[in-house]
Amino acid sequence: MKFSLEYITKSVDGWLNATFNPTIAFLIESVIVMVLVIALFAFLGLVLVIMERKVAAFMQIRLGPNRVGPKGMFQTVADTLKLIVKEGFTPNNVDKFLFNLAPFIVMITAMVAMAPLPFANGFQIWDVNIGILFITAITSVSVIGILMAGWSSNNKYSLLGAMRSGAQIVSYELSAGLSILVIVMLSGSLRISDIVAAQADGWWIFKGHIPVLISFVIFIIAATAETNRAPFDMAEAESELTAGFHTEYSGMKFALFFLAEYVNIFIVCAVGATLFLGGWMPLHFGTGTAFNTVMDYIPGIVWFFGKTFLLIFIIMWFRWTFPRLRIDQLLNLEWKYLLPICLVNLLLATIIAIAGWHF
Amino acid sequence: MYRESQIIRNNTPDNYMVINVGPQHPSTHGVLHFVITLNGETVVKLEPHLGYIHRSIEKMCESLNYRQFVYVTSRMDYLSSHINNHACALCVEQGLQVEIPERAQVIRVLMDELTRLASHLLWWGSMAMDIGALTPFFHAFREREMITEIFEETCGARLTMNYICPGGVMADLHPDFQAKVKAFLKQLKEKLPEYHELVTGNIIFQNRTKGIGILSKKDAISFGVSGPTARASGVSCDVRKRYPYELYDKLEFKEVLEDGGDCWARYLVRMEEINQSVAIVEQLIDHIPEGDIQAKTKAVLKLPKGEFYSRVETARGDLGVYIVSEGGTTPYRIKFRSPGFSNLSAMETMCKGGKIGDFVAVMGSVDLVIPDIDR
């Protein structure tokens, strides 16, 4: 018996629809989904922050947090509690409305972008037919929140950070989008469940020849840049701009930015894992071999989180190894190198897709 | 009255933005304050404002006697406090006309070079940190920790050692000294290739430093820039070579010169100086002569009437000590020519026309220590 979350979701849905009328069933399902999303957010916040600190400590030959709980695992809980009880300070002369709105915009976009992510077979909030387009569209809204925060803070460092961030995210959207397009073309669908299903006989990174490898590398670079992580952390650049766009934020509002950053990392890595590494799809080669059957016994959710956290680790590895680029070098990298490579790569992928050369 | 806000208001065209970098800012390594005029991201004007950590060390020295004032100078350039003490001791000895025992001389040179190593290691970490790589800082501190431990065992302190005094050194070396220094040298030599792999070879680091913050040879001389910063512009100014003191004329080492004048050249000069310091320590560590650690001097030192000047090469450049004596037990006037102050004055030339990111890179490569500038 293979473990699948699909049975659970199907039976809950069936029972609710049989017991209540469809409207109430839909409302109850929405509440369940909301609770699950918020729980996932809390989980991600706690896990990713401690993971980042432990990875950093590992790279920097030190121990990292090791006092609260076993091996410091509850350090983030303590930090979060501290941030919750801290005063939500609003400085003088800021645009109060935008200042207080900005963290929520950043947070809400991160939450909404999670909707089409398939965590396991049939375990997906909204299997919309333009799933991947939806994610790219929503994640690019978060730049508005960052610009808002930078502009309304009435602080020159914040403004510089926000402007950098704006230029950076708008540029790197292009190569992220173009590298995603390669996969969309090979799969022939924007629907995420179709993209995952197309990888049932092997992940795209193995099947897709060189174009997919190139677009995977570019996607990882663009994802790092889009989430404002080092070596592309222009928006924060602590040695230049102290803390960039969130210099003036404190307490829970700061925590929202912080959490949104980590959730965004999770989302881009999940998208990367889904498109290139098969999402929840176990490691398959060809069809119907014994190897595939063995792999199927590992639940899809384990595969999904395993791949996502592998990519997250790579992005953290970048942060603790590389120096930061300068803003003009960053934009040069995108417009002079990545974008042309992406366009040529797209052409290559088109030829491969039309000729059917991929496996 | 001097008011910054007025200056900013009166002198700034509309499309320029003025930001205050410091006195509390991560890239100024202390309480240094720059008023930077920006056009977008480009630095148009850069004005250092000093005095946030002024402790009037020069004035304080006038009321301390010749044995006491040396200890205050550890607090100037806290990363090369042995060398500061050394400069003062040399100046007083020049007035007293005493011969320093050979053992004391060797110990002094050893301590100077270990200090230089410690300082350059810290600089390497902090420059990488300025440019955005946080990890090298911890790796540098692993090696630097070994040096501070050696200092702690010999001098009892890790940062402000107060070990070199007029006439020699305060105390004898601890018995483990040679073994510990050798262990340190072994580890440093093992780890240096790792340093180069982590930072020097990194393409982002090279892009951030090559051709950035260029200081021409002419400008370097006219600003009175000294130390590795000047040597990266091709100015031969190593006091150890040009005006040798103690044992330096008997030792074999190279004066490292580069002619790029950019951050990359400054980086290379300092990295090569680490090798040269290692070479000096290696030459001396097995040949520490037996003997006294202090020359015989009176309990209360009195300098004859006159003016005395001595200079040494600190990790940052040329430190000069100028004493005017009226013949009493305390100096009449004392003046320190600190390397940081002159190096700072060249900052605007180096940063003008660059981006904010370049300013941070230049700041890291010049390696300023703020208490040394303000005194």
# chains A, B, ... in the order shown; residues from 1 in each chain; ligands from 1
call {"tool": "residues_around", "arguments": {"residues": "Asn84 in chain B", "least_positions_apart": "2", "cutoff": "9 Å", "atoms": "only C-alpha atoms", "output": "NGL selection string"}}
result
:B and (70 or 73-78 or 80-82 or 86-89 or 312 or 314 or 319)
call {"tool": "write_last_selection", "arguments": {"atoms": "C-alpha atoms", "output": "PDB file, in the first residue's frame"}}
result
ATOM      1  CA  VAL B  70      53.948  54.686  26.834  1.00  0.00           C
ATOM      2  CA  THR B  73      49.635  54.877  23.429  1.00  0.00           C
ATOM      3  CA  SER B  74      48.411  51.279  23.379  1.00  0.00           C
ATOM      4  CA  ARG B  75      44.970  52.821  23.065  1.00  0.00           C
ATOM      5  CA  MET B  76      45.738  54.713  19.881  1.00  0.00           C
ATOM      6  CA  ASP B  77      45.981  52.042  17.249  1.00  0.00           C
ATOM      7  CA  TYR B  78      44.641  49.213  19.334  1.00  0.00           C
ATOM      8  CA  SER B  80      49.150  47.374  16.752  1.00  0.00           C
ATOM      9  CA  SER B  81      49.681  48.343  20.351  1.00  0.00           C
ATOM     10  CA  HIS B  82      53.074  46.646  20.587  1.00  0.00           C
ATOM     11  CA  HIS B  86      57.803  50.432  20.480  1.00  0.00           C
ATOM     12  CA  ALA B  87      57.765  53.842  18.784  1.00  0.00           C
ATOM     13  CA  CYS B  88      57.505  55.638  22.117  1.00  0.00           C
ATOM     14  CA  ALA B  89      60.196  53.496  23.694  1.00  0.00           C
ATOM     15  CA  VAL B 312      58.294  52.896  13.124  1.00  0.00           C
ATOM     16  CA  THR B 314      52.921  49.917  12.126  1.00  0.00           C
ATOM     17  CA  LEU B 319      53.912  56.139  13.027  1.00  0.00           C
TER      18      LEU B 319
END
call {"tool": "residues_around", "arguments": {"residues": "range 320-333 of chain A", "least_positions_apart": "6", "cutoff": "6 Å", "atoms": "only C-alpha atoms", "output": "mmCIF file with C-alpha atoms, in the first residue's frame"}}
result
data_model
loop_
_atom_site.group_PDB
_atom_site.id
_atom_site.type_symbol
_atom_site.label_atom_id
_atom_site.label_comp_id
_atom_site.auth_asym_id
_atom_site.auth_seq_id
_atom_site.Cartn_x
_atom_site.Cartn_y
_atom_site.Cartn_z
ATOM 1 C CA PRO A 231 25.380 37.574 -2.997
ATOM 2 C CA ILE B 131 32.503 43.422 0.610
ATOM 3 C CA GLY B 132 29.787 41.113 1.830
ATOM 4 C CA ALA B 133 31.376 37.773 2.651
ATOM 5 C CA THR B 135 32.549 33.790 6.674
ATOM 6 C CA GLY B 357 29.600 49.844 -2.709
#
call {"tool": "select_by_dssp", "arguments": {"residues": "range 36-170 of chain A", "states": "helix (DSSP H, G or I)", "output": "PyMOL selection string"}}
result
chain A and resi 36-59+70-72+75-85+96-112+131-139+142-152+156-170
call {"tool": "write_last_selection", "arguments": {"atoms": "C-alpha atoms", "output": "compact mmCIF listing (two decimals), in the first residue's frame"}}
result
# COMPACT_ATOMS: atom_id res chain seq x y z
CA LEU A 36 -2.87 24.71 7.38
CA VAL A 37 -1.18 27.58 5.50
CA ILE A 38 -0.64 29.57 8.68
CA ALA A 39 0.67 26.45 10.42
CA LEU A 40 3.04 25.85 7.50
CA PHE A 41 4.19 29.47 7.74
CA ALA A 42 4.94 29.12 11.41
CA PHE A 43 6.72 25.84 10.76
CA LEU A 44 8.78 27.31 7.91
CA GLY A 45 9.69 30.38 9.92
CA LEU A 46 10.90 28.29 12.81
CA VAL A 47 12.70 25.67 10.76
CA LEU A 48 14.33 27.86 8.13
CA VAL A 49 15.68 30.42 10.58
CA ILE A 50 17.29 27.77 12.76
CA MET A 51 18.53 26.01 9.64
CA GLU A 52 20.12 29.20 8.35
CA ARG A 53 21.83 29.81 11.66
CA LYS A 54 23.08 26.25 11.89
CA VAL A 55 24.32 26.28 8.28
CA ALA A 56 26.07 29.60 8.93
CA ALA A 57 27.62 28.22 12.08
CA PHE A 58 28.80 25.15 10.21
CA MET A 59 30.43 27.27 7.52
CA PRO A 70 17.96 20.55 22.58
CA LYS A 71 20.89 21.83 20.47
CA GLY A 72 19.28 25.27 20.41
CA GLN A 75 16.00 29.49 19.70
CA THR A 76 13.67 30.77 16.99
CA VAL A 77 10.64 30.27 19.22
CA ALA A 78 12.26 32.43 21.87
CA ASP A 79 13.20 35.05 19.28
CA THR A 80 9.69 35.12 17.88
CA LEU A 81 8.18 35.52 21.34
CA LYS A 82 10.54 38.42 21.95
CA LEU A 83 9.55 40.07 18.67
CA ILE A 84 5.84 39.61 19.40
CA VAL A 85 6.00 41.35 22.77
CA LYS A 96 1.98 55.91 8.64
CA PHE A 97 -0.50 54.19 6.36
CA LEU A 98 2.04 52.87 3.86
CA PHE A 99 4.59 52.17 6.59
CA ASN A 100 2.18 49.85 8.37
CA LEU A 101 0.74 48.37 5.19
CA ALA A 102 4.07 47.36 3.60
CA PRO A 103 4.93 44.33 5.78
CA PHE A 104 1.45 42.92 5.23
CA ILE A 105 1.70 43.25 1.46
CA VAL A 106 5.01 41.41 1.48
CA MET A 107 3.53 38.76 3.75
CA ILE A 108 0.24 38.33 1.89
CA THR A 109 1.96 37.93 -1.48
CA ALA A 110 4.13 35.22 0.01
CA MET A 111 1.00 33.48 1.33
CA VAL A 112 -0.95 33.73 -1.90
CA GLY A 131 -0.36 27.76 -11.93
CA ILE A 132 3.23 28.66 -12.72
CA LEU A 133 2.27 31.99 -14.30
CA PHE A 134 0.22 32.71 -11.19
CA ILE A 135 3.24 32.15 -8.94
CA THR A 136 5.56 34.38 -10.99
CA ALA A 137 2.88 37.06 -11.18
CA ILE A 138 2.20 37.07 -7.46
CA THR A 139 5.82 36.95 -6.29
CA SER A 142 6.13 41.73 -3.30
CA VAL A 143 8.48 44.34 -4.77
CA ILE A 144 5.66 46.86 -4.31
CA GLY A 145 5.68 46.11 -0.60
CA ILE A 146 9.43 46.61 -0.46
CA LEU A 147 9.29 49.88 -2.40
CA MET A 148 6.47 51.01 -0.13
CA ALA A 149 8.51 50.20 2.98
CA GLY A 150 11.56 52.02 1.62
CA TRP A 151 9.68 55.09 0.50
CA SER A 152 7.44 55.51 3.52
CA LYS A 156 17.65 57.59 2.95
CA TYR A 157 19.18 54.18 3.54
CA SER A 158 15.75 52.59 3.25
CA LEU A 159 15.05 54.48 0.04
CA LEU A 160 18.35 53.43 -1.51
CA GLY A 161 17.74 49.83 -0.49
CA ALA A 162 14.22 49.83 -1.87
CA MET A 163 15.28 51.37 -5.18
CA ARG A 164 18.03 48.81 -5.55
CA SER A 165 15.60 46.06 -4.71
CA GLY A 166 13.09 47.34 -7.25
CA ALA A 167 15.65 47.46 -10.06
CA GLN A 168 16.95 44.06 -9.10
CA ILE A 169 13.67 42.17 -8.81
CA VAL A 170 12.26 43.65 -12.01
call {"tool": "residues_around", "arguments": {"residues": "range 42-54 of chain B", "least_positions_apart": "5", "cutoff": "7 Å", "atoms": "only C-alpha atoms", "output": "ChimeraX atom specification"}}
result
/B:31-37,348,351-356,371,374-375
call {"tool": "closest_residue", "arguments": {"among": "B:Arg142, B:Met271, B:Leu185, B:Ile334", "to": "Ile61 in chain A", "atoms": "only C-alpha atoms"}}
result
B:Arg142
call {"tool": "residues_around", "arguments": {"residues": "Asn207 in chain B", "least_positions_apart": "3", "cutoff": "10 Å", "atoms": "only C-alpha atoms", "output": "list in words"}}
result
Leu325, Arg326 and Gln329 of chain A; Asn202, Ile203, Ile204, Lys210, Gly211, Ile212 and Trp264 of chain B
call {"tool": "write_last_selection", "arguments": {"atoms": "C-alpha atoms", "output": "PDB file, in the first residue's frame"}}
result
ATOM      1  CA  LEU A 325      28.041  42.172  -5.994  1.00  0.00           C
ATOM      2  CA  ARG A 326      27.838  45.880  -6.646  1.00  0.00           C
ATOM      3  CA  GLN A 329      27.583  44.650 -11.709  1.00  0.00           C
TER       4      GLN A 329
ATOM      5  CA  ASN B 202      36.648  34.738  -5.997  1.00  0.00           C
ATOM      6  CA  ILE B 203      35.522  36.436  -9.190  1.00  0.00           C
ATOM      7  CA  ILE B 204      32.994  38.635  -7.389  1.00  0.00           C
ATOM      8  CA  LYS B 210      40.029  45.686  -9.342  1.00  0.00           C
ATOM      9  CA  GLY B 211      40.200  49.245 -10.644  1.00  0.00           C
ATOM     10  CA  ILE B 212      38.235  50.561  -7.658  1.00  0.00           C
ATOM     11  CA  TRP B 264      43.025  44.970  -5.377  1.00  0.00           C
TER      12      TRP B 264
END
